[in-house]
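Structure file final30.cif (mmCIF, C-alpha atoms and all ligand atoms) is printed below.
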```
data_structure
#
loop_
_atom_site.label_atom_id
_atom_site.label_comp_id
_atom_site.auth_asym_id
_atom_site.auth_seq_id
_atom_site.Cartn_x
_atom_site.Cartn_y
_atom_site.Cartn_z
CA MET A 1 0.00 0.00 0.00
CA THR A 2 1.28 3.47 -0.81
CA TYR A 3 1.68 6.14 1.82
CA LEU A 4 -1.06 8.14 0.04
CA SER A 5 -3.75 5.59 0.87
CA GLU A 6 -2.27 4.02 3.99
CA LYS A 7 -4.80 3.71 6.82
CA LEU A 8 -4.10 3.40 10.54
CA LYS A 9 -4.75 -0.04 11.99
CA GLU A 10 -7.27 1.48 14.31
CA GLU A 11 -9.10 4.75 13.85
CA LYS A 12 -7.91 7.52 16.19
CA VAL A 13 -10.40 9.97 17.65
CA PHE A 14 -9.99 13.33 19.34
CA LYS A 15 -12.78 14.35 21.69
CA ASP A 16 -14.00 17.72 20.51
CA PRO A 17 -16.57 19.93 22.24
CA VAL A 18 -17.92 21.30 18.95
CA HIS A 19 -17.98 18.28 16.62
CA ARG A 20 -18.05 15.63 19.38
CA TYR A 21 -15.29 13.62 17.71
CA VAL A 22 -12.57 14.27 15.17
CA HIS A 23 -11.84 11.03 13.30
CA VAL A 24 -8.47 10.12 11.82
CA ARG A 25 -7.92 7.05 9.67
CA ASP A 26 -5.32 8.33 7.21
CA ARG A 27 -1.67 7.77 8.14
CA VAL A 28 -0.66 11.06 6.47
CA ILE A 29 -3.09 13.10 8.60
CA TRP A 30 -1.95 11.35 11.77
CA ASP A 31 1.69 12.02 10.93
CA LEU A 32 1.01 15.69 10.16
CA ILE A 33 -0.73 16.19 13.50
CA GLY A 34 2.39 14.82 15.19
CA THR A 35 4.82 17.29 13.59
CA LYS A 36 6.31 20.02 15.75
CA GLU A 37 5.05 22.77 13.45
CA PHE A 38 1.48 21.56 13.89
CA GLN A 39 1.86 20.99 17.65
CA ARG A 40 3.08 24.58 17.92
CA LEU A 41 -0.49 25.70 17.12
CA ARG A 42 -1.45 24.56 20.64
CA ARG A 43 0.51 27.57 21.91
CA ILE A 44 -1.32 30.11 19.76
CA LYS A 45 -4.79 31.17 20.78
CA GLN A 46 -7.47 31.21 18.12
CA LEU A 47 -8.89 34.54 19.26
CA GLY A 48 -5.82 36.49 20.34
CA THR A 49 -6.75 38.99 23.05
CA THR A 50 -10.45 38.02 23.21
CA PHE A 51 -9.84 36.00 26.40
CA LEU A 52 -9.53 39.34 28.23
CA THR A 53 -13.19 40.01 27.38
CA PHE A 54 -14.65 36.49 27.26
CA HIS A 55 -12.60 34.46 29.72
CA GLY A 56 -13.53 31.14 28.10
CA ALA A 57 -11.87 32.08 24.81
CA GLU A 58 -8.59 30.29 25.53
CA HIS A 59 -8.94 27.77 22.69
CA SER A 60 -6.06 27.38 20.28
CA ARG A 61 -5.43 27.27 16.54
CA PHE A 62 -4.76 23.57 17.10
CA ASN A 63 -8.40 22.91 18.09
CA HIS A 64 -9.68 24.95 15.18
CA SER A 65 -7.41 23.29 12.61
CA LEU A 66 -8.56 19.84 13.68
CA GLY A 67 -12.15 21.08 13.44
CA VAL A 68 -11.75 22.37 9.87
CA TYR A 69 -10.15 19.07 8.89
CA GLU A 70 -13.08 17.14 10.43
CA ILE A 71 -15.70 19.22 8.58
CA VAL A 72 -13.98 18.67 5.22
CA ARG A 73 -13.58 14.96 6.00
CA ARG A 74 -17.30 14.64 6.76
CA ILE A 75 -18.26 16.52 3.60
CA ILE A 76 -16.12 14.27 1.42
CA ASP A 77 -16.46 10.92 3.21
CA ASP A 78 -20.04 11.15 4.46
CA VAL A 79 -21.88 13.54 2.16
CA PHE A 80 -20.20 13.41 -1.24
CA SER A 81 -19.09 9.78 -1.20
CA SER A 82 -22.64 8.48 -0.82
CA ARG A 83 -23.21 9.40 -4.48
CA GLU A 84 -21.26 7.70 -7.19
CA GLU A 85 -21.15 10.71 -9.52
CA TRP A 86 -19.09 12.57 -6.95
CA TYR A 87 -16.25 10.12 -6.78
CA TRP A 88 -13.07 11.76 -5.52
CA ALA A 89 -9.71 10.32 -6.47
CA PRO A 90 -7.80 9.39 -3.28
CA ARG A 91 -5.12 11.98 -4.00
CA ASP A 92 -7.70 14.81 -4.34
CA ARG A 93 -9.41 13.69 -1.16
CA LEU A 94 -6.11 13.69 0.73
CA LEU A 95 -5.17 17.05 -0.79
CA ALA A 96 -8.38 18.60 0.54
CA LEU A 97 -7.88 17.05 4.00
CA CYS A 98 -4.26 18.20 4.27
CA ALA A 99 -5.06 21.73 3.10
CA ALA A 100 -7.90 21.91 5.63
CA LEU A 101 -5.66 20.72 8.46
CA LEU A 102 -2.77 23.02 7.57
CA HIS A 103 -4.59 26.15 6.38
CA ASP A 104 -3.64 28.20 9.49
CA LEU A 105 -0.18 26.70 10.03
CA GLY A 106 1.64 30.01 9.56
CA HIS A 107 -0.22 31.91 12.26
CA GLY A 108 2.08 33.46 14.81
CA PRO A 109 1.41 34.67 18.35
CA PHE A 110 -1.35 37.29 18.47
CA SER A 111 -1.15 37.35 14.66
CA HIS A 112 -3.28 40.39 14.20
CA SER A 113 -1.00 42.71 16.16
CA PHE A 114 2.27 41.17 15.05
CA GLU A 115 1.35 41.36 11.39
CA LYS A 116 0.24 44.96 11.75
CA VAL A 117 3.31 46.17 13.63
CA PHE A 118 5.97 44.15 11.82
CA HIS A 119 4.39 44.15 8.36
CA PHE A 120 4.21 40.53 7.30
CA ASP A 121 1.38 38.08 6.83
CA HIS A 122 0.84 34.61 8.19
CA GLU A 123 -0.03 33.28 4.71
CA THR A 124 3.59 33.74 3.64
CA TYR A 125 4.70 31.63 6.59
CA THR A 126 2.10 28.95 5.92
CA GLN A 127 3.69 28.62 2.48
CA LYS A 128 7.22 28.64 3.88
CA ILE A 129 6.44 25.94 6.44
CA ILE A 130 4.82 23.66 3.85
CA LEU A 131 7.53 24.18 1.25
CA GLY A 132 10.58 24.64 3.51
CA ASP A 133 12.82 22.33 5.49
CA THR A 134 10.26 21.25 8.10
CA GLU A 135 8.69 18.10 9.52
CA VAL A 136 5.42 18.99 7.81
CA HIS A 137 7.19 19.19 4.47
CA ALA A 138 8.87 15.82 5.04
CA VAL A 139 5.50 14.13 5.66
CA LEU A 140 3.84 15.73 2.60
CA ARG A 141 6.87 14.93 0.45
CA LYS A 142 6.45 11.23 1.25
CA VAL A 143 3.08 11.26 -0.58
CA ASP A 144 4.78 12.41 -3.78
CA ALA A 145 7.19 15.08 -4.96
CA ASP A 146 4.45 17.53 -6.04
CA PHE A 147 2.22 17.06 -3.04
CA PRO A 148 3.65 19.84 -0.80
CA LYS A 149 3.33 22.32 -3.67
CA ASP A 150 -0.27 21.26 -4.34
CA VAL A 151 -1.24 21.67 -0.68
CA ALA A 152 0.41 25.10 -0.60
CA GLU A 153 -1.43 26.13 -3.77
CA VAL A 154 -4.84 25.07 -2.45
CA ILE A 155 -4.25 27.17 0.67
CA ALA A 156 -3.01 30.11 -1.42
CA LYS A 157 -6.08 29.68 -3.68
CA THR A 158 -3.91 29.37 -6.79
CA HIS A 159 -4.46 25.65 -7.41
CA ASN A 160 -6.46 24.65 -10.47
CA ASN A 161 -8.92 22.52 -8.47
CA GLN A 162 -11.41 25.28 -7.59
CA LEU A 163 -13.81 22.86 -5.94
CA ILE A 164 -11.28 21.94 -3.24
CA ILE A 165 -10.45 25.61 -2.74
CA SER A 166 -14.11 26.50 -2.30
CA LEU A 167 -14.48 23.85 0.44
CA ILE A 168 -11.67 25.43 2.46
CA SER A 169 -11.94 29.05 1.60
CA SER A 170 -14.99 30.84 0.27
CA GLN A 171 -17.86 32.79 1.81
CA ILE A 172 -19.28 29.58 3.22
CA ASP A 173 -16.52 27.11 3.88
CA ALA A 174 -15.20 24.65 6.44
CA ASP A 175 -12.92 27.29 7.97
CA ARG A 176 -15.73 29.72 8.77
CA MET A 177 -18.17 27.00 9.74
CA ASP A 178 -15.69 25.74 12.32
CA TYR A 179 -14.58 29.03 13.82
CA LEU A 180 -18.07 30.50 14.15
CA GLN A 181 -19.31 27.51 16.14
CA ARG A 182 -16.06 27.03 18.06
CA ASP A 183 -15.71 30.69 19.01
CA ALA A 184 -19.38 30.76 20.06
CA PHE A 185 -18.83 27.68 22.21
CA TYR A 186 -15.72 28.97 23.97
CA THR A 187 -16.89 32.55 24.47
CA GLY A 188 -20.24 31.25 25.69
CA VAL A 189 -22.32 33.66 23.59
CA SER A 190 -25.64 32.58 22.13
CA TYR A 191 -24.84 33.76 18.59
CA GLY A 192 -22.78 31.76 16.14
CA HIS A 193 -25.01 28.74 16.09
CA PHE A 194 -26.49 27.37 12.88
CA ASP A 195 -27.44 23.99 11.51
CA MET A 196 -24.20 22.78 9.96
CA ASP A 197 -25.50 19.25 9.38
CA ARG A 198 -28.30 20.68 7.29
CA ILE A 199 -25.90 22.87 5.30
CA MET A 200 -23.67 19.86 4.63
CA ARG A 201 -26.64 17.79 3.47
CA VAL A 202 -27.67 20.39 0.88
CA MET A 203 -24.15 20.92 -0.46
CA ARG A 204 -23.65 19.85 -4.06
CA PRO A 205 -20.23 19.80 -5.67
CA MET A 206 -20.09 21.47 -9.09
CA GLU A 207 -17.09 21.76 -11.33
CA ASP A 208 -15.53 24.81 -9.70
CA GLN A 209 -17.40 25.37 -6.50
CA VAL A 210 -19.78 23.95 -3.95
CA VAL A 211 -23.40 25.10 -4.38
CA PHE A 212 -26.40 24.67 -2.06
CA LYS A 213 -29.81 23.21 -2.79
CA LYS A 214 -32.50 25.90 -2.58
CA SER A 215 -34.35 23.87 0.05
CA GLY A 216 -31.48 24.54 2.46
CA MET A 217 -31.54 28.30 1.99
CA HIS A 218 -32.75 29.07 5.50
CA ALA A 219 -29.85 27.19 7.06
CA VAL A 220 -27.49 29.22 4.87
CA GLU A 221 -29.25 32.46 5.90
CA ASP A 222 -28.81 31.48 9.52
CA TYR A 223 -25.10 30.95 8.92
CA ILE A 224 -24.73 34.42 7.34
CA MET A 225 -26.60 36.04 10.22
CA SER A 226 -24.55 34.25 12.82
CA ARG A 227 -21.40 35.40 11.10
CA TYR A 228 -22.73 38.98 11.13
CA GLN A 229 -23.57 38.80 14.82
CA MET A 230 -20.33 37.14 15.85
CA TYR A 231 -18.34 39.91 14.20
CA TRP A 232 -20.03 42.65 16.12
CA GLN A 233 -20.62 40.86 19.39
CA VAL A 234 -17.33 38.98 19.69
CA TYR A 235 -14.64 39.69 17.10
CA PHE A 236 -14.91 43.48 17.18
CA HIS A 237 -15.76 43.77 20.85
CA PRO A 238 -14.46 47.17 22.02
CA VAL A 239 -12.80 45.73 25.14
CA THR A 240 -10.91 43.12 23.11
CA ARG A 241 -9.77 45.93 20.83
CA SER A 242 -8.55 47.88 23.86
CA ALA A 243 -6.30 44.92 24.78
CA GLU A 244 -5.15 44.75 21.19
CA VAL A 245 -4.34 48.45 21.10
CA ILE A 246 -2.13 47.96 24.16
CA LEU A 247 -0.48 44.89 22.62
CA ASN A 248 0.29 46.84 19.42
CA LYS A 249 1.81 49.64 21.43
CA ILE A 250 3.99 47.25 23.47
CA LEU A 251 5.44 45.83 20.27
CA LEU A 252 5.91 49.27 18.79
CA ARG A 253 7.56 50.59 21.94
CA ALA A 254 9.92 47.63 22.16
CA GLN A 255 10.89 48.10 18.52
CA ASN A 256 11.42 51.86 18.92
CA LEU A 257 13.57 51.34 22.00
CA TYR A 258 15.60 48.73 20.18
CA GLU A 259 16.15 51.09 17.25
CA GLN A 260 17.22 53.89 19.60
CA GLY A 261 19.87 51.61 21.10
CA TYR A 262 18.11 51.30 24.47
CA ARG A 263 19.76 48.74 26.77
CA PHE A 264 17.09 46.23 27.76
CA LYS A 265 17.56 44.57 31.15
CA HIS A 266 16.03 41.51 29.52
CA GLU A 267 17.28 41.40 25.99
CA PRO A 268 14.53 40.57 23.52
CA LYS A 269 16.57 37.98 21.63
CA HIS A 270 13.48 36.30 20.23
CA PHE A 271 12.36 39.60 18.71
CA TYR A 272 15.58 40.65 17.01
CA SER A 273 14.80 39.22 13.62
CA LEU A 274 11.28 40.70 13.76
CA PHE A 275 12.70 44.13 14.57
CA ALA A 276 15.17 43.77 11.73
CA GLY A 277 12.62 42.90 9.05
CA GLU A 278 11.44 39.53 7.83
CA PRO A 279 12.24 36.82 10.36
CA THR A 280 13.78 33.54 9.22
CA LEU A 281 11.51 30.52 9.29
CA GLU A 282 13.42 29.07 12.23
CA ASP A 283 13.06 32.24 14.31
CA TYR A 284 9.42 32.55 13.37
CA LEU A 285 8.62 29.02 14.50
CA THR A 286 10.25 29.60 17.89
CA LEU A 287 7.97 32.54 18.58
CA ASP A 288 4.74 31.50 20.24
CA GLU A 289 2.48 33.10 22.82
CA SER A 290 4.31 31.59 25.79
CA ILE A 291 7.52 33.34 24.68
CA VAL A 292 5.75 36.63 24.03
CA LEU A 293 4.04 36.60 27.42
CA TYR A 294 7.37 35.77 29.07
CA TYR A 295 8.82 39.01 27.67
CA PHE A 296 5.80 41.02 28.78
CA HIS A 297 6.42 39.68 32.28
CA VAL A 298 10.07 40.60 32.46
CA TRP A 299 9.56 43.93 30.69
CA GLN A 300 7.46 45.03 33.67
CA GLU A 301 10.84 45.59 35.34
CA GLU A 302 12.34 47.68 32.56
CA ASP A 303 13.57 51.26 33.17
CA ASP A 304 11.48 52.60 30.31
CA PRO A 305 8.23 53.77 31.97
CA ILE A 306 6.08 53.33 28.85
CA LEU A 307 7.12 49.75 28.11
CA ARG A 308 6.85 48.87 31.79
CA ASP A 309 3.39 50.37 32.12
CA LEU A 310 1.96 48.89 28.91
CA CYS A 311 3.18 45.37 29.78
CA SER A 312 1.72 45.56 33.23
CA ARG A 313 -1.57 46.80 31.77
CA PHE A 314 -1.75 43.88 29.38
CA LEU A 315 -0.91 41.23 31.96
CA ASN A 316 -3.13 42.66 34.69
CA ARG A 317 -5.93 43.72 32.40
CA HIS A 318 -5.79 47.42 33.15
CA LEU A 319 -7.16 48.32 29.77
CA PHE A 320 -7.80 51.65 28.09
CA LYS A 321 -11.25 53.21 28.15
CA TYR A 322 -12.88 54.36 24.92
CA VAL A 323 -15.29 56.81 23.37
CA GLU A 324 -16.92 56.75 19.93
CA PHE A 325 -14.94 58.48 17.22
CA GLU A 326 -16.33 59.88 13.97
CA PRO A 327 -13.61 60.10 11.33
CA SER A 328 -14.45 63.70 10.28
CA ALA A 329 -12.06 66.63 9.77
CA GLN A 330 -13.51 68.30 12.85
CA GLU A 331 -12.93 65.23 15.01
CA TYR A 332 -9.34 64.96 13.83
CA VAL A 333 -8.73 68.55 14.93
CA LYS A 334 -10.08 67.59 18.34
CA TYR A 335 -7.85 64.54 18.34
CA GLN A 336 -4.81 66.77 17.68
CA GLU A 337 -5.86 69.11 20.49
CA LEU A 338 -6.22 66.15 22.83
CA GLY A 339 -2.71 65.03 21.87
CA GLU A 340 -1.31 68.46 22.84
CA LEU A 341 -3.11 68.35 26.18
CA PHE A 342 -1.86 64.81 26.85
CA ARG A 343 1.69 66.04 26.30
CA LYS A 344 1.16 68.85 28.81
CA ILE A 345 0.56 66.28 31.53
CA ASP A 346 3.42 64.05 30.30
CA ILE A 347 1.35 61.33 28.69
CA ASP A 348 2.73 60.39 25.28
CA PRO A 349 -0.23 60.42 22.86
CA ASP A 350 1.66 58.18 20.42
CA TYR A 351 1.13 55.36 22.90
CA TYR A 352 -1.83 56.49 24.94
CA LEU A 353 -4.33 58.10 22.56
CA VAL A 354 -5.28 55.66 19.85
CA ILE A 355 -7.94 55.54 17.15
CA ASP A 356 -8.98 52.00 16.27
CA SER A 357 -11.27 51.07 13.39
CA SER A 358 -12.93 47.74 12.65
CA SER A 359 -15.04 46.89 9.68
CA ASP A 360 -16.75 43.93 8.12
CA LEU A 361 -18.67 42.95 5.06
CA PRO A 362 -21.09 40.20 6.16
CA TYR A 363 -21.73 38.85 2.69
CA ASP A 364 -20.82 40.09 -0.74
CA PHE A 365 -22.12 39.21 -4.14
CA TYR A 366 -19.65 38.85 -6.95
CA ARG A 367 -18.10 42.08 -8.13
CA PRO A 368 -15.47 41.10 -10.64
CA GLY A 369 -12.26 43.06 -10.67
CA GLU A 370 -12.82 44.60 -7.26
CA GLU A 371 -10.33 44.30 -4.47
CA GLY A 372 -10.85 41.12 -2.45
CA GLU A 373 -13.14 39.67 -5.09
CA ARG A 374 -15.41 37.09 -3.48
CA LEU A 375 -17.17 34.14 -5.00
CA PRO A 376 -20.91 34.39 -4.40
CA ILE A 377 -22.93 31.71 -2.62
CA LEU A 378 -25.00 29.95 -5.28
CA LEU A 379 -28.30 28.19 -4.80
CA LEU A 380 -29.25 25.23 -6.93
CA MET A 381 -32.90 25.73 -7.93
CA PRO A 382 -35.30 22.80 -8.44
CA ASP A 383 -35.14 23.36 -12.23
CA GLY A 384 -31.35 23.06 -12.20
CA ASP A 385 -30.63 26.78 -12.51
CA LEU A 386 -28.08 28.50 -10.28
CA ARG A 387 -29.03 31.72 -8.52
CA GLU A 388 -26.96 34.01 -6.37
CA LEU A 389 -28.10 33.89 -2.72
CA SER A 390 -29.03 37.55 -2.20
CA ARG A 391 -31.44 37.40 -5.16
CA GLU A 392 -33.45 34.73 -3.40
CA SER A 393 -33.10 35.71 0.23
CA GLU A 394 -34.49 39.03 1.44
CA ILE A 395 -32.58 38.76 4.70
CA VAL A 396 -29.25 38.31 2.96
CA ASP A 397 -30.13 40.98 0.41
CA ALA A 398 -30.64 43.45 3.27
CA ILE A 399 -27.06 43.07 4.53
CA SER A 400 -25.24 42.24 1.27
CA GLY A 401 -22.36 44.35 0.12
CA LYS A 402 -22.76 46.78 3.02
CA ARG A 403 -19.57 47.47 4.85
CA ARG A 404 -20.07 48.49 8.43
CA THR A 405 -17.23 50.31 10.15
CA ASP A 406 -16.80 51.24 13.76
CA HIS A 407 -14.24 53.74 15.09
CA LYS A 408 -13.24 54.21 18.69
CA LEU A 409 -10.78 56.43 20.51
CA TYR A 410 -8.85 54.70 23.30
CA TYR A 411 -7.17 56.39 26.28
CA PRO A 412 -6.01 55.48 29.82
CA LEU A 413 -8.51 57.05 32.20
CA ASP A 414 -6.46 56.07 35.28
CA LEU A 415 -3.39 58.00 34.05
CA LEU A 416 -5.51 61.08 33.32
CA GLU A 417 -6.97 60.96 36.82
CA ASP A 418 -3.59 60.82 38.53
CA GLU A 419 -3.48 63.41 41.34
CA LYS A 420 -0.25 65.00 40.13
CA ASN A 421 -1.87 66.16 36.87
CA ASP A 422 -2.89 69.78 36.43
CA PRO A 423 -6.67 69.77 37.10
CA GLN A 424 -7.39 72.43 34.45
CA THR A 425 -5.73 70.36 31.70
CA VAL A 426 -7.53 67.21 32.81
CA LYS A 427 -10.83 69.08 32.81
CA LYS A 428 -10.21 70.25 29.24
CA ILE A 429 -9.28 66.74 28.14
CA LYS A 430 -12.44 65.30 29.61
CA GLU A 431 -14.55 67.98 27.98
CA LEU A 432 -13.07 67.19 24.61
CA LEU A 433 -13.43 63.43 25.11
CA TYR A 434 -16.98 63.40 26.35
CA ARG A 435 -18.53 66.36 24.53
CA ARG A 436 -20.55 64.96 21.68
ZN ZN A 501 -8.89 29.03 10.00
#
```
Re-express the file's structure as structure tokens.
Ligand code: ZN
Amino acid sequence: MTYLSEKLKEEKVFKDPVHRYVHVRDRVIWDLIGTKEFQRLRRIKQLGTTFLTFHGAEHSRFNHSLGVYEIVRRIIDDVFSSREEWYWAPRDRLLALCAALLHDLGHGPFSHSFEKVFHFDHETYTQKIILGDTEVHAVLRKVDADFPKDVAEVIAKTHNNQLIISLISSQIDADRMDYLQRDAFYTGVSYGHFDMDRIMRVMRPMEDQVVFKKSGMHAVEDYIMSRYQMYWQVYFHPVTRSAEVILNKILLRAQNLYEQGYRFKHEPKHFYSLFAGEPTLEDYLTLDESIVLYYFHVWQEEDDPILRDLCSRFLNRHLFKYVEFEPSAQEYVKYQELGELFRKIDIDPDYYLVIDSSSDLPYDFYRPGEEGERLPILLLMPDGDLRELSRESEIVDAISGKRRTDHKLYYPLDLLEDEKNDPQTVKKIKELLYRR
């Protein structure tokens, strides 16, 4: 038997709170899970700083990756395979399973902040891990010489098998179906639930994408709505964003100090290649959230008051407060004025007065040529026609293509209220912040 189709003697199962069990029969999948690059995902939280708002949200990218794999496995093995016309060659099946399992492999610690401050993206590292000198690569390479490249291409959405790509990454895919339910479970919110079994039952594979039988439209609507609600209730929660603002500023401060030649008491060795530009694959893989939090701990003893304060805020959850911010010319003038006043009481506005914006597009119909072009969700009508979802569903039509953006201004109320500050300046600051 070839490695490609080798099965384990006994099926392995992982107990999973969202899908009950994750089933593994394929030797390749089992071997991939055992690699150090995949195990590293246990040390990277799925939702970054969200645990400071929803304390249950400590789940990792490891849990989520197994979940996405399990959804794709069920779609192929349980839903598609029951019909002869949808026969999948074993190599295509394995390709889809591996891409599902590895799609988030390149995520680093608190990816959102790290990518923003140090200007790189996790997708590049996913590619590097799959194609580079790694344990994951060695496993994939054993399938055949082209296999690592194929897996990397499916994840990068450049592979010619569009059907596999649409299973793993489209507006309704295994990735989103897993994280919505998983994040809802771990945060404990009542949004994010939808009938995934029903959605899977009405999925029909077409040549280049998965479509959905019209009779399952309401389950698909429910999925779109839960995505919409999860974004605003969980992902863009203003308190989570406050923690993220502080995290960004810690990284920025550490980098600025490093560039100014500041002598750290605890040298940030693990950060050097990040500060210097694009980190090597080896350095990148060493960096996980346990290392990052270690530095935040020791940096609480640094001489630099800003780095010290920000780290202690993050670890002890002394977050910034916020007010709404309208991005108008007038508001920006006010923001500048606030910055001046902050300086007068020795609070550096570059670190302590921060505008943060979040925005989401719940569902988008196809607009060719536009940035971030998205494949529409297609319904398969009883007469065999295909129709774009928002043309059939009034609910989806109401929220389609509408980008909603939310801006907030973050500041440390406790520092403003320090007794040593000039009361007149503080009064002016508060007037500017709270006068709407
Ligand atoms: Zn994912």
Sorted by chain and rising residue number, which residues of chain A lie within 8 Å of ligand ZN 501 (chain A), and what are their closest atom pairs and distances in Å to one decimal, counting only C-alpha atoms and all ligand atoms, as a Markdown table?
```
| residue | atom | partner | partner_atom | distance |
| --- | --- | --- | --- | --- |
| A:Arg61 | CA | A:ZN501 | ZN | 7.6 |
| A:His64 | CA | A:ZN501 | ZN | 6.6 |
| A:Ser65 | CA | A:ZN501 | ZN | 6.5 |
| A:Val68 | CA | A:ZN501 | ZN | 7.2 |
| A:His103 | CA | A:ZN501 | ZN | 6.3 |
| A:Asp104 | CA | A:ZN501 | ZN | 5.3 |
| A:Asp175 | CA | A:ZN501 | ZN | 4.8 |
| A:Arg176 | CA | A:ZN501 | ZN | 7.0 |
| A:Asp178 | CA | A:ZN501 | ZN | 7.9 |
| A:Tyr179 | CA | A:ZN501 | ZN | 6.9 |
```
Next on the checklist: Which residues are near His218 in chain A? Cut-off 12 Å, only C-alpha atoms, ignore same chain within fewer than 4 positions. Put them as a list in words.
Outcome noted: Phe194, Asp195, Met196, Arg198, Ile199, Val202, Phe212, Lys213, Lys214, Asp222, Tyr223, Ile224, Met225, Leu379, Leu389, Glu392, Ser393, Glu394, Ile395 and Val396 of chain A
Using all atoms listed in the file, what table do you get, as a tab-separated table, when you list each residue of range 247-356 of chain A with an atom no more than 10 Å from range 416-432 of chain A, its nearest pair of atoms, and their distance in Å rounded to one decimal, rows by chain then rising number?
```
residue	atom	partner	partner_atom	distance
A:Glu331	CA	A:Leu432	CA	9.8
A:Lys334	CA	A:Leu432	CA	7.0
A:Tyr335	CA	A:Leu432	CA	8.6
A:Glu337	CA	A:Leu432	CA	8.5
A:Leu338	CA	A:Ile429	CA	6.2
A:Gly339	CA	A:Ile429	CA	9.2
A:Glu340	CA	A:Ile429	CA	9.7
A:Leu341	CA	A:Thr425	CA	6.4
A:Phe342	CA	A:Ile429	CA	7.8
A:Lys344	CA	A:Thr425	CA	7.6
A:Ile345	CA	A:Asn421	CA	5.9
A:Asp346	CA	A:Asn421	CA	8.7
A:Ile347	CA	A:Leu416	CA	8.3
```
Show which residues sit within 9 Å of Leu95 in chain A, as an mmCIF file with C-alpha atoms, in the coordinates of the input. Count all atoms listed in the file, and ignore same-chain residues fewer than 6 positions away.
```cif
data_model
loop_
_atom_site.group_PDB
_atom_site.id
_atom_site.type_symbol
_atom_site.label_atom_id
_atom_site.label_comp_id
_atom_site.auth_asym_id
_atom_site.auth_seq_id
_atom_site.Cartn_x
_atom_site.Cartn_y
_atom_site.Cartn_z
ATOM 1 C CA PHE A 147 2.220 17.060 -3.040
ATOM 2 C CA ASP A 150 -0.270 21.260 -4.340
ATOM 3 C CA VAL A 151 -1.240 21.670 -0.680
ATOM 4 C CA VAL A 154 -4.840 25.070 -2.450
ATOM 5 C CA ILE A 164 -11.280 21.940 -3.240
#
```
Checklist entry - Counting only C-alpha atoms, which of A:Arg343, A:Lys36, A:Arg20, A:Lys9 gets nearest to Thr286 in chain A? => result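 Once distances to Thr286 in chain A are computed over only C-alpha atoms, the minimum belongs to A:Lys36.
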Next on the checklist: Applying 10 Å and only C-alpha atoms, which residues near Glu301 in chain A remain after dropping the ones on its own chain fewer than 5 positions away? List them as a ChimeraX atom specification.
Outcome noted: /A:264-266,296,307-309,311-312
Next on the checklist: What does the structure give for the distance between CA of His137 in chain A and CA of Leu101 in chain A, in Å to one decimal?
Outcome noted: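 Separating CA of His137 in chain A from CA of Leu101 in chain A is a distance of 13.5 Å.
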Checklist entry - At a cut-off of 12 Å from (-2.0, 9.0, 10.4) in the coordinates of the file, what residues are picked up using only C-alpha atoms, written as a list in words? => result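 Residues lying no farther than 12 Å from the given point: Tyr3, Leu4, Ser5, Glu6, Lys7, Leu8, Lys9, Glu10, Glu11, Lys12, Val13, His23, Val24, Arg25, Asp26, Arg27, Val28, Ile29, Trp30, Asp31, Leu32, Ile33, Gly34, Thr35, Leu94, Leu97, Cys98, Val139 and Leu140 of chain A.
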Item to check | Among listed residues A:Pro412, A:Pro349, A:Pro109, A:Pro238, nearest Arg43 in chain A (using all atoms listed in the file) | outcome: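 The shortest atom-to-atom distance to Arg43 in chain A comes from A:Pro109.
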Checklist entry - Which neighbours of Leu247 in chain A fall inside 8 Å, counting only C-alpha atoms, when residues of the same chain fewer than 6 positions from it are skipped, and could you give them as JSON, numbers by chain? => result {"A": [113, 310, 314]}
Restricted to C-alpha atoms, what would the selected residues look like written as a PDB file, in the frame of the given file?
```pdb
ATOM      1  CA  SER A 113      -1.000  42.710  16.160  1.00  0.00           C
ATOM      2  CA  LEU A 310       1.960  48.890  28.910  1.00  0.00           C
ATOM      3  CA  PHE A 314      -1.750  43.880  29.380  1.00  0.00           C
TER       4      PHE A 314
END
```
Checklist entry - If we count only C-alpha atoms, what is near Leu285 in chain A at a cut-off of 8 Å, once residues fewer than 4 positions away on the same chain are taken out, given as a ChimeraX atom specification? => result /A:37,40,108,281
Item to check | Atomic separation - CA of Tyr322 in chain A relative to CA of Ser60 in chain A, Å | outcome: 28.2 Å
